[in-house]
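First comes the structure, then the notes that go with it.
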Amino acid sequence: MAGPMKIRATLAGGNTEVRVLMTHPMTTAQSGQPLHFIQNVSVKLNGKALIEAEVSQAVSRNPVFSFRLKGGAKGDTIEVAWLDNKGESNKIETAVA
Amino acid sequence: MNRLRRTLLGALVAWLAKPLAAAAAWNENAFGAKTPQDALKGIGAANPAPSKDIAIDAPQIAENGAVVPIEITSNIPGTTSIAVVLEKNPFPLAAKFDFKEGALPYVKLNVKMAETADVRVVAAAGGRQYSATREVKVTIGGCGG
């Protein structure tokens with residue numbers, strides 16, 4: 001079950017700063033629990049993918065990422081999505097403030 | 001008959017779901033590498049050139065290896081990707097970010113570190129690979145999480 005996400009996108013110094021939190025156990029092979037971690041993260045601005053990331057189990061539990069996009073305007077739509085190694089996924093959308 | 005129909009339906013659903021799952025790429029070869037050298041090879045950056053234009057902000061001492069904040073900015077013009085390699089982790093490659101036009105080559109994330117080690121950041125720009133490192137001392141390893 002994909003846990004909740006939080007997102008904030010704000011204009012700062014002419015750019016858009018995106019901060020996103022994902023609820024996910026991110027369990028490692030060393031933990032003795034089944035390996036369960038986010039593998040892909042994408043950031044879209046008005047429907048266009050600007051950042052595509054591949055991540056491993058080394059990312060901390062309940063991942064928090066900050067990204068920066070050039071320019072941006074109030075009301076632009078930012079979407080962040082993730083997909084994990086079990087095929088579970090989630091996404092969240094916000095308007096730039 | 002019912003069972004046959006269910007099996008066929010199951011196969012159809014599995015077949016339909018497959019392209020969805022396969023749509024996002026994950027470099028199994030690089031992420032499965034157990035040495036930093038193999039991880040670098042896996043992302044096509046076997047011999048990155050040292051660069052002072054990659055800024056890595058991380059704590060000198062991380063008391064808790066389970067959450068080590070790392071902030072990265074590449075000041076190399078035309079940077080298209082940033083990869084994070086934790087040199088003494090069981091699987092050193094932690095993440096790789098690809099930036100399209102419109103995104104700044106910047107990222108902040110939290111990672112787990114098994115022990116005191118260099119954090120190596122590899123940036124790609126104009127088809128060339130650059131890297132910088134920064135040591136983080138870890139008091140309590142964080143890979144059991």
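Letters for chains follow the order of the structure tokens (A, B, ...), residue numbers begin at 1 for each chain, and ligand numbers begin at 1 in the order shown.
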Quick one: which chain A residues come within 10 Å of chain B, and what is the nearest atom pair for each with the distance in Å to one decimal, counting only C-alpha atoms, rows ordered by chain and ascending number, as a Markdown table?
```
| residue | atom | partner | partner_atom | distance |
| --- | --- | --- | --- | --- |
| A:Asn15 | CA | B:Leu104 | CA | 8.9 |
| A:Thr16 | CA | B:Ala103 | CA | 9.3 |
| A:Glu17 | CA | B:Leu104 | CA | 9.9 |
| A:Val18 | CA | B:Val107 | CA | 9.9 |
| A:Arg19 | CA | B:Lys108 | CA | 9.0 |
| A:Pro25 | CA | B:Gly145 | CA | 8.2 |
| A:Met26 | CA | B:Gly145 | CA | 7.6 |
| A:Thr27 | CA | B:Gly145 | CA | 5.8 |
| A:Thr28 | CA | B:Gly145 | CA | 6.4 |
| A:Ala29 | CA | B:Gly144 | CA | 8.2 |
| A:Gln30 | CA | B:Gly144 | CA | 5.4 |
| A:Ser31 | CA | B:Gly144 | CA | 4.2 |
| A:Gly32 | CA | B:Gly144 | CA | 7.9 |
| A:Gln33 | CA | B:Gly145 | CA | 9.0 |
| A:Gln39 | CA | B:Trp26 | CA | 6.7 |
| A:Asn40 | CA | B:Ala24 | CA | 6.8 |
| A:Val41 | CA | B:Phe97 | CA | 8.9 |
| A:Ser42 | CA | B:Phe97 | CA | 9.3 |
| A:Val43 | CA | B:Ala103 | CA | 9.4 |
| A:Lys44 | CA | B:Ala103 | CA | 9.8 |
| A:Leu45 | CA | B:Gly102 | CA | 8.9 |
| A:Lys48 | CA | B:Lys100 | CA | 9.7 |
| A:Ala49 | CA | B:Lys100 | CA | 7.6 |
| A:Leu50 | CA | B:Lys100 | CA | 4.8 |
| A:Ile51 | CA | B:Phe99 | CA | 4.8 |
| A:Glu52 | CA | B:Asp98 | CA | 5.2 |
| A:Ala53 | CA | B:Phe97 | CA | 4.2 |
| A:Glu54 | CA | B:Lys96 | CA | 5.3 |
| A:Val55 | CA | B:Ala95 | CA | 4.1 |
| A:Ser56 | CA | B:Ala94 | CA | 5.1 |
| A:Gln57 | CA | B:Ala94 | CA | 7.2 |
| A:Ala58 | CA | B:Lys112 | CA | 5.1 |
| A:Val59 | CA | B:Val111 | CA | 4.3 |
| A:Ser60 | CA | B:Val111 | CA | 4.8 |
| A:Arg61 | CA | B:Gly145 | CA | 7.4 |
| A:Asn62 | CA | B:Asn110 | CA | 9.3 |
| A:Pro63 | CA | B:Asn110 | CA | 6.8 |
| A:Val64 | CA | B:Leu109 | CA | 6.0 |
| A:Phe65 | CA | B:Leu109 | CA | 4.8 |
| A:Ser66 | CA | B:Lys108 | CA | 4.9 |
| A:Phe67 | CA | B:Val107 | CA | 5.1 |
| A:Arg68 | CA | B:Leu104 | CA | 5.4 |
| A:Leu69 | CA | B:Ala103 | CA | 4.3 |
| A:Lys70 | CA | B:Gly102 | CA | 5.2 |
| A:Gly71 | CA | B:Gly102 | CA | 7.9 |
| A:Gly72 | CA | B:Gly102 | CA | 9.2 |
| A:Trp82 | CA | B:Ala24 | CA | 9.8 |
| A:Leu83 | CA | B:Ala24 | CA | 8.1 |
| A:Asp84 | CA | B:Ala21 | CA | 9.6 |
| A:Asn85 | CA | B:Ala21 | CA | 9.4 |
| A:Lys86 | CA | B:Ala21 | CA | 9.4 |
| A:Gly87 | CA | B:Ala21 | CA | 6.4 |
| A:Glu88 | CA | B:Ala21 | CA | 9.3 |
| A:Ser89 | CA | B:Ala21 | CA | 10.0 |
```
Strand (DSSP E) residues, from DSSP on the backbone, in chain A, as an NGL selection string = :A and (5-12 or 15-22 or 38-45 or 48-55 or 64-69 or 77-84 or 89-95)
Among region 1-144 of chain B, which ones does DSSP place in helix (DSSP H, G or I), written as a PyMOL selection string?
-> chain B and resi 2-22+28-31+36-42
